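The next block is work.pdb, given as PDB, C-alpha atoms, pLDDT in the B column.
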ATOM      1  CA  MET E   1      59.874 132.656 160.430  1.00 46.00           C
ATOM      2  CA  LEU E   2      63.129 133.965 159.079  1.00 54.00           C
ATOM      3  CA  LYS E   3      65.328 135.537 161.761  1.00 53.00           C
ATOM      4  CA  TRP E   4      67.989 138.019 160.778  1.00 55.00           C
ATOM      5  CA  PRO E   5      71.579 137.635 162.003  1.00 59.00           C
ATOM      6  CA  GLY E   6      72.597 140.164 164.620  1.00 53.00           C
ATOM      7  CA  ILE E   7      74.493 143.062 163.063  1.00 50.00           C
ATOM      8  CA  ARG E   8      76.061 145.916 164.947  1.00 47.00           C
ATOM      9  CA  ARG E   9      75.445 149.212 163.176  1.00 48.00           C
ATOM     10  CA  GLN E  10      78.575 150.818 161.759  1.00 45.00           C
ATOM     11  CA  ARG E  11      79.219 154.554 161.739  1.00 42.00           C
ATOM     12  CA  GLU E  12      77.988 156.293 158.591  1.00 44.00           C
ATOM     13  CA  ASP E  13      81.418 157.764 157.932  1.00 43.00           C
ATOM     14  CA  ALA E  14      83.202 154.398 158.070  1.00 44.00           C
ATOM     15  CA  PRO E  15      84.926 153.645 154.766  1.00 44.00           C
ATOM     16  CA  ALA E  16      83.187 151.186 152.466  1.00 50.00           C
ATOM     17  CA  PRO E  17      84.917 147.796 152.206  1.00 51.00           C
ATOM     18  CA  ALA E  18      87.186 147.254 149.235  1.00 51.00           C
ATOM     19  CA  ARG E  19      85.511 145.748 146.173  1.00 63.00           C
ATOM     20  CA  GLY E  20      87.043 143.584 143.509  1.00 75.00           C
ATOM     21  CA  PRO E  21      86.659 140.431 141.392  1.00 80.00           C
ATOM     22  CA  ALA E  22      87.389 138.131 144.325  1.00 86.00           C
ATOM     23  CA  ALA E  23      84.679 139.757 146.440  1.00 86.00           C
ATOM     24  CA  GLU E  24      82.211 139.521 143.559  1.00 87.00           C
ATOM     25  CA  ARG E  25      82.983 135.831 143.042  1.00 89.00           C
ATOM     26  CA  LEU E  26      82.445 135.180 146.743  1.00 91.00           C
ATOM     27  CA  GLU E  27      79.084 136.957 146.684  1.00 92.00           C
ATOM     28  CA  LEU E  28      77.942 134.997 143.625  1.00 92.00           C
ATOM     29  CA  ALA E  29      78.974 131.751 145.314  1.00 93.00           C
ATOM     30  CA  LEU E  30      76.937 132.731 148.360  1.00 92.00           C
ATOM     31  CA  LEU E  31      73.949 133.514 146.141  1.00 92.00           C
ATOM     32  CA  ASP E  32      74.235 130.111 144.467  1.00 92.00           C
ATOM     33  CA  GLY E  33      74.099 128.515 147.907  1.00 91.00           C
ATOM     34  CA  LEU E  34      71.168 130.724 148.800  1.00 90.00           C
ATOM     35  CA  LYS E  35      69.243 129.521 145.741  1.00 87.00           C
ATOM     36  CA  GLY E  36      69.461 126.050 147.225  1.00 86.00           C
ATOM     37  CA  GLY E  37      67.989 127.275 150.515  1.00 86.00           C
ATOM     38  CA  GLY E  38      71.310 127.696 152.310  1.00 87.00           C
ATOM     39  CA  ARG E  39      70.763 129.659 155.507  1.00 90.00           C
ATOM     40  CA  ALA E  40      74.485 129.957 156.264  1.00 93.00           C
ATOM     41  CA  GLU E  41      75.053 131.535 152.848  1.00 92.00           C
ATOM     42  CA  PHE E  42      72.241 134.003 153.474  1.00 93.00           C
ATOM     43  CA  ASP E  43      73.687 134.966 156.858  1.00 93.00           C
ATOM     44  CA  ALA E  44      77.071 135.601 155.236  1.00 93.00           C
ATOM     45  CA  LEU E  45      75.534 137.677 152.438  1.00 92.00           C
ATOM     46  CA  TYR E  46      73.496 139.624 154.974  1.00 93.00           C
ATOM     47  CA  ARG E  47      76.607 140.476 156.970  1.00 92.00           C
ATOM     48  CA  LEU E  48      78.402 141.629 153.817  1.00 92.00           C
ATOM     49  CA  TYR E  49      75.592 143.897 152.669  1.00 93.00           C
ATOM     50  CA  HIS E  50      74.121 145.236 155.903  1.00 93.00           C
ATOM     51  CA  PRO E  51      76.763 147.992 156.449  1.00 92.00           C
ATOM     52  CA  ARG E  52      76.801 148.966 152.761  1.00 92.00           C
ATOM     53  CA  LEU E  53      73.027 149.187 152.518  1.00 94.00           C
ATOM     54  CA  TRP E  54      72.764 150.984 155.862  1.00 93.00           C
ATOM     55  CA  ARG E  55      75.116 153.684 154.659  1.00 90.00           C
ATOM     56  CA  PHE E  56      73.293 154.051 151.345  1.00 91.00           C
ATOM     57  CA  LEU E  57      69.821 154.146 152.907  1.00 92.00           C
ATOM     58  CA  SER E  58      70.865 156.449 155.751  1.00 88.00           C
ATOM     59  CA  HIS E  59      71.641 159.180 153.232  1.00 83.00           C
ATOM     60  CA  LEU E  60      68.294 158.668 151.548  1.00 86.00           C
ATOM     61  CA  MET E  61      65.998 158.265 154.535  1.00 84.00           C
ATOM     62  CA  ARG E  62      67.804 159.520 157.656  1.00 73.00           C
ATOM     63  CA  GLN E  63      65.442 157.774 160.127  1.00 81.00           C
ATOM     64  CA  PRO E  64      66.924 154.643 161.792  1.00 83.00           C
ATOM     65  CA  ASP E  65      63.716 152.626 162.217  1.00 85.00           C
ATOM     66  CA  ALA E  66      62.646 153.212 158.619  1.00 90.00           C
ATOM     67  CA  ILE E  67      66.161 152.450 157.356  1.00 92.00           C
ATOM     68  CA  GLU E  68      66.248 149.123 159.181  1.00 91.00           C
ATOM     69  CA  GLU E  69      62.797 148.204 157.893  1.00 93.00           C
ATOM     70  CA  VAL E  70      63.723 148.931 154.269  1.00 94.00           C
ATOM     71  CA  LEU E  71      67.083 147.189 154.661  1.00 94.00           C
ATOM     72  CA  ASN E  72      65.457 144.044 156.008  1.00 93.00           C
ATOM     73  CA  ASP E  73      62.731 144.160 153.351  1.00 94.00           C
ATOM     74  CA  THR E  74      65.455 144.393 150.714  1.00 96.00           C
ATOM     75  CA  LEU E  75      67.337 141.376 151.980  1.00 94.00           C
ATOM     76  CA  LEU E  76      64.087 139.450 152.388  1.00 92.00           C
ATOM     77  CA  VAL E  77      63.561 139.921 148.640  1.00 94.00           C
ATOM     78  CA  VAL E  78      67.099 138.604 148.069  1.00 94.00           C
ATOM     79  CA  TRP E  79      66.237 135.581 150.215  1.00 91.00           C
ATOM     80  CA  GLN E  80      62.907 134.906 148.523  1.00 92.00           C
ATOM     81  CA  ARG E  81      63.835 135.763 144.936  1.00 93.00           C
ATOM     82  CA  ALA E  82      67.463 134.720 144.589  1.00 93.00           C
ATOM     83  CA  ASP E  83      66.514 132.721 141.482  1.00 92.00           C
ATOM     84  CA  SER E  84      65.412 135.932 139.734  1.00 93.00           C
ATOM     85  CA  PHE E  85      68.979 137.256 139.557  1.00 93.00           C
ATOM     86  CA  ASP E  86      69.984 136.558 135.943  1.00 89.00           C
ATOM     87  CA  GLY E  87      73.594 137.749 136.038  1.00 88.00           C
ATOM     88  CA  ARG E  88      73.137 140.508 133.450  1.00 88.00           C
ATOM     89  CA  SER E  89      74.307 143.028 136.065  1.00 89.00           C
ATOM     90  CA  LYS E  90      76.530 142.824 139.115  1.00 91.00           C
ATOM     91  CA  LEU E  91      74.922 141.273 142.168  1.00 93.00           C
ATOM     92  CA  SER E  92      75.557 144.488 144.084  1.00 93.00           C
ATOM     93  CA  THR E  93      73.725 146.483 141.382  1.00 94.00           C
ATOM     94  CA  TRP E  94      70.716 144.185 141.672  1.00 95.00           C
ATOM     95  CA  ILE E  95      70.608 144.417 145.478  1.00 95.00           C
ATOM     96  CA  PHE E  96      71.098 148.192 145.583  1.00 96.00           C
ATOM     97  CA  GLY E  97      68.364 148.565 142.968  1.00 95.00           C
ATOM     98  CA  ILE E  98      65.931 146.691 145.211  1.00 96.00           C
ATOM     99  CA  ALA E  99      66.922 148.880 148.174  1.00 95.00           C
ATOM    100  CA  TYR E 100      66.530 152.079 146.142  1.00 95.00           C
ATOM    101  CA  ARG E 101      63.028 151.212 144.949  1.00 94.00           C
ATOM    102  CA  LYS E 102      61.896 150.201 148.421  1.00 94.00           C
ATOM    103  CA  ALA E 103      63.352 153.398 149.915  1.00 93.00           C
ATOM    104  CA  LEU E 104      61.475 155.568 147.424  1.00 92.00           C
ATOM    105  CA  LYS E 105      58.241 153.747 148.248  1.00 91.00           C
ATOM    106  CA  ALA E 106      58.824 154.270 151.963  1.00 90.00           C
ATOM    107  CA  LEU E 107      59.576 157.962 151.440  1.00 88.00           C
ATOM    108  CA  SER E 108      56.407 158.388 149.404  1.00 84.00           C
ATOM    109  CA  ARG E 109      54.289 156.889 152.201  1.00 78.00           C
ATOM    110  CA  GLN E 110      55.333 159.235 154.962  1.00 63.00           C
ATOM    111  CA  ASP E 111      57.309 162.340 155.828  1.00 54.00           C
ATOM    112  CA  LEU E 112      60.318 160.820 157.577  1.00 45.00           C
ATOM    113  CA  PRO E 113      62.061 162.935 160.239  1.00 43.00           C
ATOM    114  CA  VAL E 114      65.738 163.774 159.937  1.00 40.00           C
ATOM    115  CA  GLU E 115      68.215 162.146 162.292  1.00 40.00           C
ATOM    116  CA  ALA E 116      70.473 164.209 164.560  1.00 36.00           C
ATOM    117  CA  ASP E 117      73.441 165.947 162.936  1.00 37.00           C
ATOM    118  CA  ALA E 118      76.801 164.223 162.788  1.00 34.00           C
ATOM    119  CA  ALA E 119      78.161 166.905 165.121  1.00 34.00           C
ATOM    120  CA  ASP E 120      76.170 165.238 167.908  1.00 35.00           C
ATOM    121  CA  GLU E 121      77.984 161.934 167.388  1.00 39.00           C
ATOM    122  CA  PRO E 122      81.030 161.073 169.512  1.00 39.00           C
ATOM    123  CA  ALA E 123      84.271 162.209 167.916  1.00 39.00           C
ATOM    124  CA  ASP E 124      86.777 159.663 166.682  1.00 44.00           C
ATOM    125  CA  SER E 125      89.942 159.112 168.658  1.00 44.00           C
ATOM    126  CA  GLY E 126      93.206 160.018 166.986  1.00 48.00           C
ATOM    127  CA  PRO E 127      93.173 163.613 165.698  1.00 51.00           C
ATOM    128  CA  GLY E 128      93.636 166.473 168.131  1.00 53.00           C
ATOM    129  CA  PRO E 129      90.735 168.583 169.443  1.00 49.00           C
ATOM    130  CA  GLU E 130      90.971 171.214 166.699  1.00 50.00           C
ATOM    131  CA  GLN E 131      91.131 168.598 163.959  1.00 50.00           C
ATOM    132  CA  ARG E 132      88.178 166.723 165.464  1.00 48.00           C
ATOM    133  CA  MET E 133      86.183 169.931 165.618  1.00 46.00           C
ATOM    134  CA  GLY E 134      87.001 170.700 161.991  1.00 47.00           C
ATOM    135  CA  LEU E 135      86.026 167.195 160.861  1.00 47.00           C
ATOM    136  CA  ALA E 136      82.796 167.332 162.863  1.00 54.00           C
ATOM    137  CA  GLN E 137      81.913 170.683 161.333  1.00 56.00           C
ATOM    138  CA  LEU E 138      82.670 169.421 157.827  1.00 56.00           C
ATOM    139  CA  ARG E 139      80.611 166.250 158.351  1.00 60.00           C
ATOM    140  CA  GLY E 140      77.790 168.307 159.786  1.00 62.00           C
ATOM    141  CA  ARG E 141      77.759 170.742 156.870  1.00 70.00           C
ATOM    142  CA  LEU E 142      77.898 167.916 154.331  1.00 71.00           C
ATOM    143  CA  LYS E 143      75.105 166.036 156.100  1.00 73.00           C
ATOM    144  CA  ALA E 144      72.918 169.132 156.252  1.00 77.00           C
ATOM    145  CA  ALA E 145      73.575 169.876 152.578  1.00 78.00           C
ATOM    146  CA  MET E 146      72.851 166.284 151.513  1.00 82.00           C
ATOM    147  CA  ALA E 147      69.540 166.433 153.391  1.00 81.00           C
ATOM    148  CA  GLU E 148      68.487 169.342 151.169  1.00 86.00           C
ATOM    149  CA  LEU E 149      68.873 167.298 147.985  1.00 87.00           C
ATOM    150  CA  SER E 150      66.049 165.243 146.535  1.00 89.00           C
ATOM    151  CA  PRO E 151      66.214 161.468 147.211  1.00 90.00           C
ATOM    152  CA  GLU E 152      67.059 160.910 143.530  1.00 91.00           C
ATOM    153  CA  HIS E 153      70.000 163.322 143.691  1.00 92.00           C
ATOM    154  CA  ARG E 154      71.199 161.989 147.064  1.00 90.00           C
ATOM    155  CA  ALA E 155      71.192 158.468 145.640  1.00 92.00           C
ATOM    156  CA  VAL E 156      73.491 159.226 142.707  1.00 93.00           C
ATOM    157  CA  VAL E 157      75.922 161.191 144.898  1.00 90.00           C
ATOM    158  CA  GLU E 158      76.015 158.423 147.499  1.00 89.00           C
ATOM    159  CA  LEU E 159      76.501 155.623 144.965  1.00 92.00           C
ATOM    160  CA  CYS E 160      79.193 157.527 143.060  1.00 90.00           C
ATOM    161  CA  TYR E 161      81.316 158.914 145.890  1.00 85.00           C
ATOM    162  CA  PHE E 162      80.754 156.461 148.743  1.00 83.00           C
ATOM    163  CA  HIS E 163      80.205 153.180 146.866  1.00 88.00           C
ATOM    164  CA  ASP E 164      82.501 153.913 143.911  1.00 87.00           C
ATOM    165  CA  MET E 165      79.936 152.919 141.276  1.00 91.00           C
ATOM    166  CA  PRO E 166      80.371 154.084 137.669  1.00 92.00           C
ATOM    167  CA  HIS E 167      77.506 155.918 135.986  1.00 93.00           C
ATOM    168  CA  GLY E 168      76.408 152.799 134.112  1.00 93.00           C
ATOM    169  CA  GLU E 169      75.895 150.813 137.306  1.00 94.00           C
ATOM    170  CA  ILE E 170      74.195 153.742 139.027  1.00 95.00           C
ATOM    171  CA  ALA E 171      71.783 153.940 136.080  1.00 95.00           C
ATOM    172  CA  GLU E 172      70.871 150.281 136.606  1.00 94.00           C
ATOM    173  CA  VAL E 173      70.334 150.802 140.344  1.00 95.00           C
ATOM    174  CA  VAL E 174      68.080 153.849 140.015  1.00 94.00           C
ATOM    175  CA  GLY E 175      66.384 152.731 136.807  1.00 93.00           C
ATOM    176  CA  CYS E 176      67.233 155.561 134.426  1.00 93.00           C
ATOM    177  CA  PRO E 177      69.540 156.144 131.418  1.00 94.00           C
ATOM    178  CA  PRO E 178      73.224 156.929 132.120  1.00 93.00           C
ATOM    179  CA  GLU E 179      72.748 160.415 130.662  1.00 94.00           C
ATOM    180  CA  THR E 180      70.101 161.079 133.316  1.00 95.00           C
ATOM    181  CA  VAL E 181      72.571 160.001 135.992  1.00 95.00           C
ATOM    182  CA  LYS E 182      75.107 162.495 134.621  1.00 94.00           C
ATOM    183  CA  THR E 183      72.469 165.232 134.654  1.00 94.00           C
ATOM    184  CA  ARG E 184      71.489 164.440 138.232  1.00 93.00           C
ATOM    185  CA  MET E 185      75.141 164.446 139.281  1.00 93.00           C
ATOM    186  CA  PHE E 186      75.689 167.830 137.648  1.00 93.00           C
ATOM    187  CA  TYR E 187      72.763 169.446 139.430  1.00 91.00           C
ATOM    188  CA  ALA E 188      73.487 167.666 142.715  1.00 91.00           C
ATOM    189  CA  ARG E 189      77.124 168.852 142.757  1.00 90.00           C
ATOM    190  CA  ARG E 190      76.111 172.384 141.882  1.00 90.00           C
ATOM    191  CA  ARG E 191      73.449 172.404 144.607  1.00 88.00           C
ATOM    192  CA  LEU E 192      75.881 170.969 147.166  1.00 87.00           C
ATOM    193  CA  ARG E 193      78.472 173.637 146.386  1.00 86.00           C
ATOM    194  CA  LEU E 194      75.905 176.384 146.911  1.00 86.00           C
ATOM    195  CA  LEU E 195      74.592 174.820 150.120  1.00 81.00           C
ATOM    196  CA  LEU E 196      78.056 174.180 151.575  1.00 79.00           C
ATOM    197  CA  ASP E 197      79.147 177.748 150.818  1.00 78.00           C
ATOM    198  CA  ASP E 198      75.985 179.058 152.428  1.00 70.00           C
ATOM    199  CA  LEU E 199      76.344 176.877 155.532  1.00 59.00           C
ATOM    200  CA  ALA E 200      80.025 177.798 155.909  1.00 59.00           C
ATOM    201  CA  GLY E 201      79.171 181.484 155.591  1.00 55.00           C
ATOM    202  CA  HIS E 202      76.631 181.234 158.388  1.00 51.00           C
ATOM    203  CA  GLY E 203      78.950 179.157 160.588  1.00 48.00           C
ATOM    204  CA  GLU E 204      76.408 176.324 160.813  1.00 43.00           C
ATOM    205  CA  LEU E 205      77.195 172.694 161.439  1.00 35.00           C
TER     206      LEU E 205
END
Once you've parsed the file, please lay out its structure as structure tokens.
Amino acid sequence: MLKWPGIRRQREDAPAPARGPAAERLELALLDGLKGGGRAEFDALYRLYHPRLWRFLSHLMRQPDAIEEVLNDTLLVVWQRADSFDGRSKLSTWIFGIAYRKALKALSRQDLPVEADAADEPADSGPGPEQRMGLAQLRGRLKAAMAELSPEHRAVVELCYFHDMPHGEIAEVVGCPPETVKTRMFYARRRLRLLLDDLAGHGEL
């Protein structure tokens, strides 16, 4: 039985790791080793993708147990079907596409509860009390507004702003034309503006 490497969950608001050609080459080298059954390569790939996929899925699903299940199912597919990656897209696009499809299936099976607001999380050290309060309120309003979007709209916002993917890559992940991605982004941004204004006006977190 395949055992997953131990990963400590990162905060959702932690910045995504820098991406670039060197990182992509490393990931492809790890996948090549994985195709040969390399467990060490899989462990390394798992550690690279766990925080990125957790962040992406947490904005789609919100429920920790379901997120972890989908995340592990996604990386199990990577383990079992590494040979199916044909290189026509980035490896990250392929992996995020698997995660997106599995998340939508999980959401369609059950009504997943929403996790506690970010305002309930411990504040970061560094900024003063007023700054921390302001950041907590902003995170809380953004989190509440994101929760009101459809999973399809949350996905394009998350991939664009938090994973720095261009519209073409997002289209490959979510399985739709680039023009549809642009349309979803337009409506998602408009909806977020309305929701954030409304939440700010009511003084909600």
Q. Leaving out segment 63-72 of chain E and any residue of its chain fewer than 2 positions from it, which residues lie within 10 Å of it when counting all atoms listed in the file, given as an MDAnalysis selection string?
A. chainID E and resid 4 46 49:51 53:61 74:78 96 98:107 112:116
Selected residues written out with C-alpha atoms, as an mmCIF file, in the frame of the given file:
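Result went into part.cif, see below:
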data_model
loop_
_atom_site.group_PDB
_atom_site.id
_atom_site.type_symbol
_atom_site.label_atom_id
_atom_site.label_comp_id
_atom_site.auth_asym_id
_atom_site.auth_seq_id
_atom_site.Cartn_x
_atom_site.Cartn_y
_atom_site.Cartn_z
ATOM 1 C CA TRP E 4 67.989 138.019 160.778
ATOM 2 C CA TYR E 46 73.496 139.624 154.974
ATOM 3 C CA TYR E 49 75.592 143.897 152.669
ATOM 4 C CA HIS E 50 74.121 145.236 155.903
ATOM 5 C CA PRO E 51 76.763 147.992 156.449
ATOM 6 C CA LEU E 53 73.027 149.187 152.518
ATOM 7 C CA TRP E 54 72.764 150.984 155.862
ATOM 8 C CA ARG E 55 75.116 153.684 154.659
ATOM 9 C CA PHE E 56 73.293 154.051 151.345
ATOM 10 C CA LEU E 57 69.821 154.146 152.907
ATOM 11 C CA SER E 58 70.865 156.449 155.751
ATOM 12 C CA HIS E 59 71.641 159.180 153.232
ATOM 13 C CA LEU E 60 68.294 158.668 151.548
ATOM 14 C CA MET E 61 65.998 158.265 154.535
ATOM 15 C CA THR E 74 65.455 144.393 150.714
ATOM 16 C CA LEU E 75 67.337 141.376 151.980
ATOM 17 C CA LEU E 76 64.087 139.450 152.388
ATOM 18 C CA VAL E 77 63.561 139.921 148.640
ATOM 19 C CA VAL E 78 67.099 138.604 148.069
ATOM 20 C CA PHE E 96 71.098 148.192 145.583
ATOM 21 C CA ILE E 98 65.931 146.691 145.211
ATOM 22 C CA ALA E 99 66.922 148.880 148.174
ATOM 23 C CA TYR E 100 66.530 152.079 146.142
ATOM 24 C CA ARG E 101 63.028 151.212 144.949
ATOM 25 C CA LYS E 102 61.896 150.201 148.421
ATOM 26 C CA ALA E 103 63.352 153.398 149.915
ATOM 27 C CA LEU E 104 61.475 155.568 147.424
ATOM 28 C CA LYS E 105 58.241 153.747 148.248
ATOM 29 C CA ALA E 106 58.824 154.270 151.963
ATOM 30 C CA LEU E 107 59.576 157.962 151.440
ATOM 31 C CA LEU E 112 60.318 160.820 157.577
ATOM 32 C CA PRO E 113 62.061 162.935 160.239
ATOM 33 C CA VAL E 114 65.738 163.774 159.937
ATOM 34 C CA GLU E 115 68.215 162.146 162.292
ATOM 35 C CA ALA E 116 70.473 164.209 164.560
#
Q: Using atom CA of Leu28 of chain E and atom CA of Arg52 of chain E as the two end points, give the distance in Å to one decimal.
A: 16.7 Å
Q. Got a sec: who's within 12 Å of Arg81 of chain E, counting all atoms listed in the file, leaving out chain neighbours fewer than 5 positions off, as a list in words?
A.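 After dropping sequence-adjacent residues, the list is Leu31, Asp32, Leu34, Lys35, Gly36, Gly37, Asp73, Thr74, Leu75, Leu76, Asp86, Trp94, Ile95 and Ile98 of chain E.
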Q) In Å to one decimal, how far is atom CA of Ile170 of chain E from atom CA of Thr93 of chain E? A) 7.6 Å
Q. Could you work out how far atom CA of Met185 of chain E lies from atom CA of Tyr161 of chain E, giving the answer in Å with one decimal?
A.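 That distance, rounded to one decimal, is 10.6 Å.
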Q. Near Arg39 of chain E, counting all atoms listed in the file, which residues have an atom at most 10 Å away, once you skip same-chain residues fewer than 5 positions from it, shown as a PyMOL selection string?
A. chain E and resi 2+30+33-34+44-45+79
**Q.** Pick from E:Ser108, E:Ser150, E:Thr180, E:Ser92, whichever lies nearest to Glu24 of chain E using all atoms listed in the file
**A.**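 The answer is E:Ser92, which sits nearest to Glu24 of chain E.
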Q: Using only C-alpha atoms, find the one residue out of E:Arg154, E:Glu172, E:Leu149, E:Pro178 that sits nearest to Leu194 of chain E.
A: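 For Leu194 of chain E, the nearest of the given residues is E:Leu149.
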**Q.** Hits from the PyMOL selection byres ((chain E and resi 187) around 12), listed as a PyMOL selection string
**A.** chain E and resi 149-150+152-154+156-157+180-186+188-194
Once 3 Å is added on each side, what are the centre and the three edge lengths, in Å to one decimal, of the axis-aligned box enclosing the listed atoms of segment 89-107 of chain E? Present them as AutoDock Vina command-line options.
--center_x 67.4 --center_y 149.6 --center_z 144.0 --size_x 24.3 --size_y 22.7 --size_z 21.9
Q | Residues returned when the PyMOL selection byres ((chain E and resi 145) around 10) runs on this file, as a list in words | A | Arg139, Gly140, Arg141, Leu142, Lys143, Ala144, Met146, Ala147, Glu148, Leu149, Arg154, Arg191, Leu192, Arg193, Leu194, Leu195, Leu196, Asp197, Asp198, Leu199 and Leu205 of chain E
